[in-house]
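Participant: My structure file final_28.tsv, TSV, C-alpha atoms and all ligand atoms, is below:
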```
chain	number	residue	atom	x	y	z
A	1	MET	CA	56.56	9.85	-133.42
A	2	ILE	CA	52.98	10.02	-132.21
A	3	ALA	CA	49.92	9.02	-134.25
A	4	LEU	CA	47.98	12.12	-133.25
A	5	GLU	CA	48.50	15.33	-131.34
A	6	TYR	CA	46.21	18.14	-130.23
A	7	LYS	CA	47.75	21.55	-130.91
A	8	GLN	CA	46.01	24.87	-130.36
A	9	GLY	CA	42.53	23.56	-130.94
A	10	GLU	CA	43.45	21.37	-133.93
A	11	LEU	CA	43.97	17.63	-134.09
A	12	HIS	CA	47.06	16.72	-136.11
A	13	MET	CA	47.14	13.10	-137.27
A	14	ILE	CA	49.73	11.21	-139.27
A	15	ASP	CA	47.84	10.34	-142.45
A	16	GLN	CA	48.16	6.56	-142.31
A	17	ARG	CA	46.54	6.15	-145.71
A	18	LYS	CA	49.69	7.60	-147.27
A	19	LEU	CA	52.47	5.86	-145.36
A	20	PRO	CA	55.13	4.77	-146.05
A	21	GLN	CA	55.50	6.66	-149.34
A	22	VAL	CA	54.41	10.02	-147.97
A	23	PHE	CA	54.63	11.31	-144.40
A	24	GLU	CA	51.90	13.92	-144.18
A	25	MET	CA	49.75	15.33	-141.41
A	26	PHE	CA	45.96	15.39	-141.68
A	27	ILE	CA	44.66	18.32	-139.67
A	28	CYS	CA	41.17	18.27	-138.17
A	29	LYS	CA	39.60	21.53	-137.11
A	30	THR	CA	36.11	20.14	-136.56
A	31	TRP	CA	34.68	16.99	-135.00
A	32	LYS	CA	33.18	16.06	-138.38
A	33	GLU	CA	36.69	15.92	-139.83
A	34	VAL	CA	37.67	13.58	-137.01
A	35	ASP	CA	34.63	11.45	-137.76
A	36	PHE	CA	35.70	11.27	-141.41
A	37	ALA	CA	39.32	10.52	-140.45
A	38	ILE	CA	38.27	7.54	-138.35
A	39	GLN	CA	35.93	6.19	-141.03
A	40	ASP	CA	38.44	6.61	-143.83
A	41	MET	CA	41.27	5.17	-141.70
A	42	VAL	CA	43.46	8.26	-141.73
A	43	VAL	CA	43.84	7.10	-138.14
A	44	ARG	CA	43.24	3.46	-137.21
A	45	GLY	CA	44.04	0.93	-134.53
A	46	ALA	CA	41.78	0.52	-131.51
A	47	PRO	CA	43.51	2.74	-128.91
A	48	ALA	CA	44.35	5.42	-131.51
A	49	ILE	CA	40.76	5.75	-132.65
A	50	GLY	CA	39.68	5.93	-129.01
A	51	ALA	CA	42.05	8.86	-128.51
A	52	ALA	CA	40.91	10.44	-131.79
A	53	ALA	CA	37.27	10.25	-130.68
A	54	ALA	CA	38.20	11.85	-127.35
A	55	TYR	CA	39.79	14.77	-129.20
A	56	GLY	CA	36.82	14.80	-131.58
A	57	ALA	CA	34.73	15.56	-128.50
A	58	ALA	CA	37.20	18.30	-127.52
A	59	LEU	CA	36.89	19.89	-130.98
A	60	ALA	CA	33.08	19.68	-130.76
A	61	ALA	CA	33.20	21.37	-127.37
A	62	ARG	CA	35.29	24.22	-128.82
A	63	GLU	CA	32.98	24.51	-131.85
A	64	TYR	CA	29.87	24.90	-129.69
A	65	GLU	CA	31.34	26.83	-126.75
A	66	GLN	CA	29.49	30.05	-127.66
A	67	GLU	CA	26.11	28.32	-127.58
A	68	PRO	CA	23.68	28.47	-124.64
A	69	LYS	CA	24.18	25.47	-122.36
A	70	ALA	CA	21.13	23.48	-123.56
A	71	VAL	CA	22.21	23.87	-127.20
A	72	PHE	CA	25.82	23.06	-126.27
A	73	LEU	CA	24.74	19.84	-124.55
A	74	SER	CA	22.51	18.73	-127.40
A	75	LYS	CA	25.24	19.47	-129.99
A	76	MET	CA	27.74	17.57	-127.85
A	77	GLU	CA	25.43	14.57	-127.74
A	78	GLU	CA	24.94	14.74	-131.51
A	79	SER	CA	28.71	14.69	-132.08
A	80	LEU	CA	29.34	11.94	-129.51
A	81	ALA	CA	26.63	9.76	-131.07
A	82	ALA	CA	28.17	10.18	-134.51
A	83	LEU	CA	31.74	9.54	-133.32
A	84	ASN	CA	30.50	6.45	-131.48
A	85	GLU	CA	29.37	5.00	-134.80
A	86	SER	CA	32.35	5.94	-136.92
A	87	ARG	CA	33.63	2.34	-136.78
A	88	PRO	CA	31.79	-0.55	-135.14
A	89	THR	CA	34.27	-3.14	-133.90
A	90	ALA	CA	36.96	-1.49	-131.74
A	91	VAL	CA	35.43	-0.92	-128.32
A	92	ASN	CA	38.02	1.72	-127.35
A	93	LEU	CA	36.00	4.15	-129.45
A	94	MET	CA	32.80	3.54	-127.50
A	95	TRP	CA	34.82	3.55	-124.28
A	96	ALA	CA	36.18	7.05	-125.05
A	97	VAL	CA	32.73	8.37	-126.00
A	98	LYS	CA	31.23	6.90	-122.81
A	99	ARG	CA	33.98	8.57	-120.80
A	100	MET	CA	32.95	11.94	-122.28
A	101	ARG	CA	29.25	11.32	-121.71
A	102	ASN	CA	29.92	10.38	-118.08
A	103	LEU	CA	32.03	13.49	-117.62
A	104	LEU	CA	29.24	15.75	-118.90
A	105	ASP	CA	26.81	13.92	-116.69
A	106	ARG	CA	28.95	14.16	-113.54
A	107	HIS	CA	29.49	17.92	-113.99
A	108	GLN	CA	26.09	18.92	-115.32
A	109	GLN	CA	25.84	21.83	-112.87
A	110	GLU	CA	28.89	23.56	-114.38
A	111	ASN	CA	28.84	26.23	-117.09
A	112	VAL	CA	29.84	25.68	-120.72
A	113	GLU	CA	33.29	27.17	-120.29
A	114	GLN	CA	34.08	24.79	-117.44
A	115	LEU	CA	32.72	21.81	-119.38
A	116	VAL	CA	34.83	22.64	-122.43
A	117	GLU	CA	37.95	22.68	-120.28
A	118	ARG	CA	37.02	19.42	-118.60
A	119	ILE	CA	36.49	17.71	-121.96
A	120	GLU	CA	39.85	18.87	-123.26
A	121	ALA	CA	41.56	17.73	-120.07
A	122	GLU	CA	39.81	14.36	-120.31
A	123	ALA	CA	41.07	13.85	-123.88
A	124	HIS	CA	44.62	14.61	-122.71
A	125	ALA	CA	44.11	12.13	-119.86
A	126	VAL	CA	43.08	9.40	-122.32
A	127	VAL	CA	46.36	9.93	-124.18
A	128	ALA	CA	48.53	10.04	-121.04
A	129	ALA	CA	46.89	6.85	-119.76
A	130	ASP	CA	47.41	5.02	-123.06
A	131	GLN	CA	51.10	5.89	-123.06
A	132	ALA	CA	51.63	4.51	-119.55
A	133	ILE	CA	49.50	1.45	-120.35
A	134	ASN	CA	51.60	0.68	-123.44
A	135	ILE	CA	54.80	0.66	-121.38
A	136	ALA	CA	53.26	-1.59	-118.72
A	137	MET	CA	52.02	-4.05	-121.38
A	138	GLY	CA	55.41	-3.94	-123.06
A	139	ASN	CA	57.14	-4.86	-119.82
A	140	TYR	CA	54.75	-7.69	-118.92
A	141	GLY	CA	54.88	-8.95	-122.48
A	142	ASN	CA	58.67	-8.95	-122.51
A	143	THR	CA	58.63	-11.63	-119.79
A	144	VAL	CA	57.22	-14.17	-122.28
A	145	ILE	CA	59.73	-13.38	-125.03
A	146	PRO	CA	62.75	-15.72	-125.12
A	147	GLU	CA	66.28	-14.24	-125.48
A	148	LYS	CA	66.53	-15.13	-129.17
A	149	ALA	CA	62.90	-15.16	-130.15
A	150	THR	CA	61.47	-15.14	-133.63
A	151	ILE	CA	58.16	-13.35	-133.35
A	152	LEU	CA	55.27	-13.35	-135.79
A	153	THR	CA	52.89	-10.39	-135.77
A	154	HIS	CA	49.81	-9.33	-137.70
A	155	CYS	CA	48.36	-5.98	-138.78
A	156	ASN	CA	49.80	-2.83	-137.20
A	157	THR	CA	49.75	-2.66	-133.43
A	158	GLY	CA	52.52	-0.14	-132.95
A	159	ALA	CA	52.88	3.56	-132.27
A	160	LEU	CA	50.56	4.28	-135.19
A	161	ALA	CA	47.76	2.17	-133.71
A	162	THR	CA	48.02	3.74	-130.26
A	163	VAL	CA	49.39	6.97	-128.84
A	164	GLY	CA	52.32	5.21	-127.16
A	165	ILE	CA	54.78	2.48	-128.14
A	166	GLY	CA	52.05	0.08	-129.20
A	167	THR	CA	50.38	-3.10	-127.96
A	168	ALA	CA	51.81	-6.23	-129.63
A	169	LEU	CA	54.46	-4.15	-131.38
A	170	GLY	CA	55.05	-2.40	-128.04
A	171	VAL	CA	56.08	-5.78	-126.62
A	172	VAL	CA	58.38	-6.28	-129.62
A	173	ARG	CA	59.88	-2.83	-128.95
A	174	GLN	CA	60.45	-3.50	-125.26
A	175	ALA	CA	62.05	-6.88	-126.02
A	176	PHE	CA	64.36	-5.24	-128.56
A	177	ARG	CA	65.17	-2.26	-126.34
A	178	SER	CA	65.97	-4.61	-123.45
A	179	GLY	CA	68.74	-6.11	-125.57
A	180	LYS	CA	67.11	-9.34	-126.74
A	181	ASP	CA	68.27	-10.75	-130.04
A	182	ILE	CA	64.83	-10.92	-131.64
A	183	PHE	CA	63.69	-11.32	-135.22
A	184	VAL	CA	60.23	-10.39	-136.46
A	185	TYR	CA	58.07	-11.72	-139.26
A	186	ALA	CA	55.38	-9.17	-140.12
A	187	ASP	CA	52.30	-10.32	-142.04
A	188	GLU	CA	51.51	-7.83	-144.76
A	189	THR	CA	47.82	-8.05	-143.73
A	190	ARG	CA	45.59	-7.95	-146.78
A	191	PRO	CA	43.65	-6.06	-147.90
A	192	ARG	CA	44.69	-2.73	-146.29
A	193	LEU	CA	48.31	-3.81	-145.79
A	194	GLN	CA	48.69	-2.39	-142.30
A	195	GLY	CA	51.57	-4.84	-141.82
A	196	GLY	CA	53.25	-4.16	-145.15
A	197	ARG	CA	52.88	-0.40	-145.00
A	198	LEU	CA	52.79	0.52	-141.31
A	199	THR	CA	54.40	-2.23	-139.21
A	200	ALA	CA	57.21	-2.58	-141.74
A	201	TRP	CA	57.73	1.20	-141.56
A	202	GLU	CA	57.86	1.18	-137.76
A	203	LEU	CA	60.25	-1.80	-137.71
A	204	VAL	CA	62.61	-0.12	-140.16
A	205	GLN	CA	62.51	3.13	-138.16
A	206	GLU	CA	63.35	1.31	-134.94
A	207	GLY	CA	66.05	-0.85	-136.57
A	208	ILE	CA	64.41	-4.12	-135.50
A	209	PRO	CA	65.53	-7.02	-137.73
A	210	ALA	CA	62.49	-8.24	-139.64
A	211	ASN	CA	61.08	-9.84	-142.75
A	212	LEU	CA	57.82	-8.82	-144.32
A	213	ILE	CA	55.78	-11.81	-145.50
A	214	ALA	CA	52.65	-12.36	-147.53
A	215	ASP	CA	49.94	-13.53	-145.11
A	216	SER	CA	49.90	-17.01	-146.60
A	217	VAL	CA	53.57	-17.62	-145.70
A	218	ALA	CA	52.78	-17.77	-141.97
A	219	ALA	CA	51.49	-21.36	-142.08
A	220	THR	CA	54.73	-22.72	-143.49
A	221	LEU	CA	56.88	-20.81	-140.99
A	222	ILE	CA	54.76	-22.01	-138.08
A	223	ARG	CA	54.73	-25.64	-139.23
A	224	ASP	CA	58.48	-25.60	-139.78
A	225	GLY	CA	59.13	-24.48	-136.21
A	226	LYS	CA	60.47	-21.09	-137.27
A	227	ILE	CA	58.19	-19.05	-134.99
A	228	ASP	CA	58.67	-19.00	-131.19
A	229	VAL	CA	55.77	-16.73	-130.30
A	230	ILE	CA	52.88	-14.98	-132.02
A	231	LEU	CA	51.81	-11.53	-130.78
A	232	VAL	CA	48.64	-9.82	-131.97
A	233	GLY	CA	46.53	-6.89	-130.83
A	234	ALA	CA	42.78	-6.72	-130.24
A	235	ASP	CA	39.83	-4.54	-131.12
A	236	ARG	CA	37.36	-6.03	-128.65
A	237	ILE	CA	37.69	-8.78	-126.09
A	238	ALA	CA	34.63	-10.45	-124.59
A	239	THR	CA	34.73	-11.49	-120.94
A	240	ASN	CA	35.22	-15.15	-121.93
A	241	GLY	CA	38.42	-14.15	-123.77
A	242	ASP	CA	37.10	-14.37	-127.33
A	243	THR	CA	38.98	-11.68	-129.22
A	244	ALA	CA	38.12	-9.66	-132.30
A	245	ASN	CA	41.18	-8.49	-134.19
A	246	LYS	CA	42.26	-7.83	-137.77
A	247	ILE	CA	41.01	-10.37	-140.29
A	248	GLY	CA	43.47	-13.27	-140.45
A	249	THR	CA	44.16	-13.39	-136.72
A	250	PHE	CA	41.81	-16.35	-136.22
A	251	MET	CA	43.64	-18.32	-138.91
A	252	LEU	CA	46.96	-17.68	-137.14
A	253	SER	CA	45.48	-18.83	-133.85
A	254	VAL	CA	44.39	-22.14	-135.39
A	255	LEU	CA	47.90	-22.66	-136.74
A	256	ALA	CA	49.39	-21.74	-133.37
A	257	LYS	CA	47.20	-24.28	-131.60
A	258	THR	CA	47.90	-27.00	-134.18
A	259	TYR	CA	51.66	-26.55	-133.96
A	260	ASN	CA	51.89	-25.62	-130.29
A	261	VAL	CA	53.19	-22.10	-130.67
A	262	PRO	CA	52.37	-19.62	-127.85
A	263	PHE	CA	49.73	-17.17	-129.09
A	264	TYR	CA	49.37	-13.96	-127.08
A	265	VAL	CA	46.89	-11.12	-127.44
A	266	VAL	CA	48.31	-7.80	-126.25
A	267	ALA	CA	45.63	-5.26	-125.35
A	268	PRO	CA	44.82	-2.64	-122.73
A	269	THR	CA	41.85	-3.26	-120.44
A	270	THR	CA	40.08	-0.49	-122.40
A	271	THR	CA	39.77	-3.06	-125.20
A	272	ILE	CA	37.79	-5.43	-122.97
A	273	ASP	CA	34.04	-5.19	-123.36
A	274	PHE	CA	32.93	-6.13	-119.85
A	275	ASP	CA	29.30	-6.16	-121.02
A	276	MET	CA	29.94	-8.83	-123.60
A	277	VAL	CA	29.94	-12.47	-122.60
A	278	GLY	CA	31.15	-14.09	-125.82
A	279	GLY	CA	32.70	-13.24	-129.17
A	280	ASN	CA	29.57	-14.19	-131.11
A	281	GLU	CA	28.08	-10.85	-129.98
A	282	ILE	CA	30.85	-8.75	-131.53
A	283	VAL	CA	29.83	-6.67	-134.55
A	284	ILE	CA	32.32	-7.23	-137.35
A	285	GLU	CA	32.86	-4.28	-139.66
A	286	GLU	CA	32.58	-4.93	-143.38
A	287	ARG	CA	34.48	-2.47	-145.52
A	288	SER	CA	34.24	-1.44	-149.14
A	289	SER	CA	34.77	-3.94	-151.94
A	290	GLU	CA	37.39	-1.63	-153.43
A	291	GLU	CA	39.80	-2.58	-150.68
A	292	VAL	CA	39.89	-6.03	-152.31
A	293	THR	CA	39.34	-5.27	-155.99
A	294	HIS	CA	41.86	-2.42	-156.16
A	295	ILE	CA	45.45	-1.83	-155.09
A	296	ASP	CA	46.47	1.81	-154.71
A	297	GLY	CA	43.48	2.90	-156.77
A	298	HIS	CA	44.23	0.46	-159.60
A	299	ARG	CA	41.70	-2.27	-160.32
A	300	THR	CA	43.22	-5.73	-159.99
A	301	ALA	CA	40.00	-7.80	-160.05
A	302	PRO	CA	37.52	-8.00	-162.91
A	303	GLU	CA	34.42	-5.79	-162.98
A	304	GLY	CA	31.36	-7.72	-161.86
A	305	ILE	CA	33.01	-9.97	-159.28
A	306	GLY	CA	31.33	-10.09	-155.85
A	307	VAL	CA	33.41	-9.27	-152.76
A	308	TYR	CA	33.16	-10.23	-149.10
A	309	ASN	CA	35.43	-8.00	-147.02
A	310	PRO	CA	35.11	-8.36	-143.24
A	311	ALA	CA	37.76	-6.22	-141.53
A	312	PHE	CA	38.02	-8.38	-138.40
A	313	ASP	CA	37.52	-11.93	-137.18
A	314	VAL	CA	37.02	-13.47	-133.77
A	315	THR	CA	39.62	-15.77	-132.24
A	316	PRO	CA	38.04	-18.20	-129.78
A	317	HIS	CA	39.54	-18.06	-126.29
A	318	GLU	CA	40.62	-21.74	-126.47
A	319	ASN	CA	43.24	-20.70	-129.04
A	320	ILE	CA	44.75	-17.98	-126.86
A	321	THR	CA	47.72	-18.70	-124.57
A	322	GLY	CA	47.37	-15.45	-122.67
A	323	ILE	CA	46.12	-11.88	-122.83
A	324	ILE	CA	48.80	-9.36	-121.94
A	325	THR	CA	47.25	-6.27	-120.35
A	326	GLU	CA	48.66	-3.33	-118.37
A	327	LYS	CA	47.52	-5.14	-115.22
A	328	GLY	CA	49.36	-8.36	-115.96
A	329	ILE	CA	49.01	-11.48	-118.10
A	330	VAL	CA	45.64	-13.20	-117.95
A	331	ARG	CA	45.36	-16.91	-118.73
A	332	ALA	CA	42.57	-19.47	-118.80
A	333	PRO	CA	39.98	-19.78	-117.38
A	334	PHE	CA	39.44	-16.37	-118.99
A	335	ASN	CA	35.80	-16.09	-117.96
A	336	GLU	CA	36.99	-16.11	-114.32
A	337	GLN	CA	40.12	-14.01	-114.74
A	338	ILE	CA	38.93	-11.26	-117.11
A	339	PRO	CA	36.09	-9.88	-114.93
A	340	LYS	CA	38.68	-9.34	-112.15
A	341	LEU	CA	40.38	-6.73	-114.37
A	342	LYS	CA	37.36	-4.42	-114.32
B	401	LIG	O1	41.33	-1.80	-139.21
B	401	LIG	P1	42.40	-1.36	-138.27
B	401	LIG	O2	43.69	-1.04	-138.94
B	401	LIG	O3	41.92	-0.26	-137.36
B	401	LIG	O4	42.64	-2.63	-137.37
B	401	LIG	C1	43.62	-2.59	-136.38
B	401	LIG	C2	43.79	-3.88	-135.66
B	401	LIG	O5	43.13	-4.85	-135.92
B	401	LIG	C3	44.76	-3.91	-134.54
B	401	LIG	O6	45.34	-5.17	-134.41
B	401	LIG	C4	44.02	-3.56	-133.24
B	401	LIG	O7	43.35	-2.34	-133.37
B	401	LIG	C5	44.90	-3.51	-132.08
B	401	LIG	S1	46.14	-2.31	-132.30
B	401	LIG	C6	46.71	-1.65	-130.99
```
Can you give me the file's structure in the form of structure tokens?
Facilitator:
Amino acid sequence: MIALEYKQGELHMIDQRKLPQVFEMFICKTWKEVDFAIQDMVVRGAPAIGAAAAYGAALAAREYEQEPKAVFLSKMEESLAALNESRPTAVNLMWAVKRMRNLLDRHQQENVEQLVERIEAEAHAVVAADQAINIAMGNYGNTVIPEKATILTHCNTGALATVGIGTALGVVRQAFRSGKDIFVYADETRPRLQGGRLTAWELVQEGIPANLIADSVAATLIRDGKIDVILVGADRIATNGDTANKIGTFMLSVLAKTYNVPFYVVAPTTTIDFDMVGGNEIVIEERSSEEVTHIDGHRTAPEGIGVYNPAFDVTPHENITGIITEKGIVRAPFNEQIPKLK
């Protein structure tokens, strides 16, 4: 199972809005459809939207390949600028767009046909790299998982959020596949229920023993000593270690610190924003009020109520035990260790 795949000039994505009830592909033939798919969360998860944006660029390149070079370049820039803004928090998106801009810049003497091929190859390279990175993170992460660990995780950080085995859920997978007798508690992750719909689906598919919990159950489990390790993903990590991830992650980190439970962030180095010094600079996406007032299209809150719906929060680095990357596990002092990963 792969979250997205490029086939004969089309981008096929698993429509994550419909899982687990319906397994359906959402097919993008144009970069504008990719832009929509990222915004509407057909595809979501930091590395997956990075890969989607890379293929969005490939679709744009195919759409404009008949244009004279100057028009091609200006249309490419228009599409890259739009894709760059499709969601604000996950830096993998901007990283993928920057990679495409740099590519066009480095090969500016080439003709349109050559550029189109380079862009397509670059998008494939983003995917291949993410797959290898996921395995490396999974293996490093497995070293901190005890033989009979009970693991708590938040949001969806698995194959659906990446193009490989996942970040935090990739570590869970590697621990399970290596024969460890693990048990997982998956937060359902209000309001979009990435845990309840997507992580639960991946856990069932893989046969990993797990319970789905309402987000508010985590505190009791942690206090009662039922959780050995907490694994979460990341959407953007500042160089001091402050980490933006799905709303609710910060709350878990406070609980972890209070009750002395190891709290690991699992993320590729593409999720590190090396230009950002601290988490206070991270732009937090706010999504529509309907995500909170409605469930599956049905209104559950009264008309007229105000809603505050930030999609992410920032966990301060002091609450993080370690950041598991494809280059190894980074620990405090993060502001000294993280820049070395560049
Ligand atoms: O809003 P989403 O579903 O895109 O948020 C996803 C997360 O917060 C994940 O934890 C994060 O992207 C890391 S997943 C590999």
Participant: Could you pull the residues within 12 Å of Ser86 of chain A, counting only C-alpha atoms, minus those fewer than 4 positions along the same chain, as number ranges by chain?
Facilitator: A: 31-41, 43-44, 49-50, 52-53, 56, 79-82, 90-94, 97, 285
Participant: Taking all atoms listed in the file into account, report as a PDB file with C-alpha atoms, in the frame of the given file which residues have an atom no farther than 6 Å from an atom of ligand LIG 401 (chain B).
Facilitator:
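Once written, pocket-v2.pdb looks like this:
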```pdb
ATOM      1  CA  ARG A  44      43.240   3.460-137.210  1.00  0.00           C
ATOM      2  CA  GLY A  45      44.040   0.930-134.530  1.00  0.00           C
ATOM      3  CA  ALA A  46      41.780   0.520-131.510  1.00  0.00           C
ATOM      4  CA  PRO A  47      43.510   2.740-128.910  1.00  0.00           C
ATOM      5  CA  CYS A 155      48.360  -5.980-138.780  1.00  0.00           C
ATOM      6  CA  ASN A 156      49.800  -2.830-137.200  1.00  0.00           C
ATOM      7  CA  THR A 157      49.750  -2.660-133.430  1.00  0.00           C
ATOM      8  CA  ALA A 161      47.760   2.170-133.710  1.00  0.00           C
ATOM      9  CA  THR A 162      48.020   3.740-130.260  1.00  0.00           C
ATOM     10  CA  GLY A 166      52.050   0.080-129.200  1.00  0.00           C
ATOM     11  CA  THR A 167      50.380  -3.100-127.960  1.00  0.00           C
ATOM     12  CA  GLY A 233      46.530  -6.890-130.830  1.00  0.00           C
ATOM     13  CA  ALA A 234      42.780  -6.720-130.240  1.00  0.00           C
ATOM     14  CA  ASP A 235      39.830  -4.540-131.120  1.00  0.00           C
ATOM     15  CA  ASN A 245      41.180  -8.490-134.190  1.00  0.00           C
ATOM     16  CA  LYS A 246      42.260  -7.830-137.770  1.00  0.00           C
TER      17      LYS A 246
END
```
Participant: Just checking: using all atoms listed in the file, which residue out of A:Ala218, A:Ile247, A:Val144, A:Leu59 ends up closest to Tyr308 of chain A?
Facilitator: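 Of A:Ala218, A:Ile247, A:Val144, A:Leu59, the one nearest Tyr308 of chain A, counting all atoms listed in the file, is A:Ile247.
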Participant: Scan for residues within 9 Å of the point (33.1, 22.4, -127.4) in the coordinates of the file, using all atoms listed in the file, and reply as a list in words.
Facilitator: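 Residues with an atom close enough to that point: Ala57, Ala58, Leu59, Ala60, Ala61, Arg62, Glu63, Tyr64, Glu65, Gln66, Phe72, Lys75, Met76, Val112, Glu113, Leu115, Val116, Glu117, Ile119 and Glu120 of chain A.
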Participant: Store the residues of this selection in a file with C-alpha atoms, as an mmCIF file, keeping the file's coordinate frame.
Facilitator:
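File selection-v3.cif, as written:
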```cif
data_model
loop_
_atom_site.group_PDB
_atom_site.id
_atom_site.type_symbol
_atom_site.label_atom_id
_atom_site.label_comp_id
_atom_site.auth_asym_id
_atom_site.auth_seq_id
_atom_site.Cartn_x
_atom_site.Cartn_y
_atom_site.Cartn_z
ATOM 1 C CA ALA A 57 34.730 15.560 -128.500
ATOM 2 C CA ALA A 58 37.200 18.300 -127.520
ATOM 3 C CA LEU A 59 36.890 19.890 -130.980
ATOM 4 C CA ALA A 60 33.080 19.680 -130.760
ATOM 5 C CA ALA A 61 33.200 21.370 -127.370
ATOM 6 C CA ARG A 62 35.290 24.220 -128.820
ATOM 7 C CA GLU A 63 32.980 24.510 -131.850
ATOM 8 C CA TYR A 64 29.870 24.900 -129.690
ATOM 9 C CA GLU A 65 31.340 26.830 -126.750
ATOM 10 C CA GLN A 66 29.490 30.050 -127.660
ATOM 11 C CA PHE A 72 25.820 23.060 -126.270
ATOM 12 C CA LYS A 75 25.240 19.470 -129.990
ATOM 13 C CA MET A 76 27.740 17.570 -127.850
ATOM 14 C CA VAL A 112 29.840 25.680 -120.720
ATOM 15 C CA GLU A 113 33.290 27.170 -120.290
ATOM 16 C CA LEU A 115 32.720 21.810 -119.380
ATOM 17 C CA VAL A 116 34.830 22.640 -122.430
ATOM 18 C CA GLU A 117 37.950 22.680 -120.280
ATOM 19 C CA ILE A 119 36.490 17.710 -121.960
ATOM 20 C CA GLU A 120 39.850 18.870 -123.260
#
```
Participant: Tell me which protein, DNA and RNA residues are within 9 Å of Leu103 of chain A, counting all atoms listed in the file, leaving out same-chain ones fewer than 2 positions away, and put them as a short mmCIF file (atom, residue, chain, number, x, y, z; two decimals) with C-alpha atoms, keeping the file's coordinate frame.
Facilitator:
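Dumped everything to out_13.cif:
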```
data_model
loop_
_atom_site.label_atom_id
_atom_site.label_comp_id
_atom_site.auth_asym_id
_atom_site.auth_seq_id
_atom_site.Cartn_x
_atom_site.Cartn_y
_atom_site.Cartn_z
CA LYS A 98 31.23 6.90 -122.81
CA ARG A 99 33.98 8.57 -120.80
CA MET A 100 32.95 11.94 -122.28
CA ARG A 101 29.25 11.32 -121.71
CA ASP A 105 26.81 13.92 -116.69
CA ARG A 106 28.95 14.16 -113.54
CA HIS A 107 29.49 17.92 -113.99
CA GLN A 108 26.09 18.92 -115.32
CA LEU A 115 32.72 21.81 -119.38
CA ARG A 118 37.02 19.42 -118.60
CA ILE A 119 36.49 17.71 -121.96
CA GLU A 122 39.81 14.36 -120.31
#
```
Participant: Near Gly158 of chain A, within 12 Å and counting all atoms listed in the file, which residues show up once chain neighbours fewer than 3 positions away are dropped, as an MDAnalysis selection string?
Facilitator: chainID A and resid 1:3 44:48 131 134:135 138 153:155 161:174 186 194:195 198:203 205:206 231:233 266:267
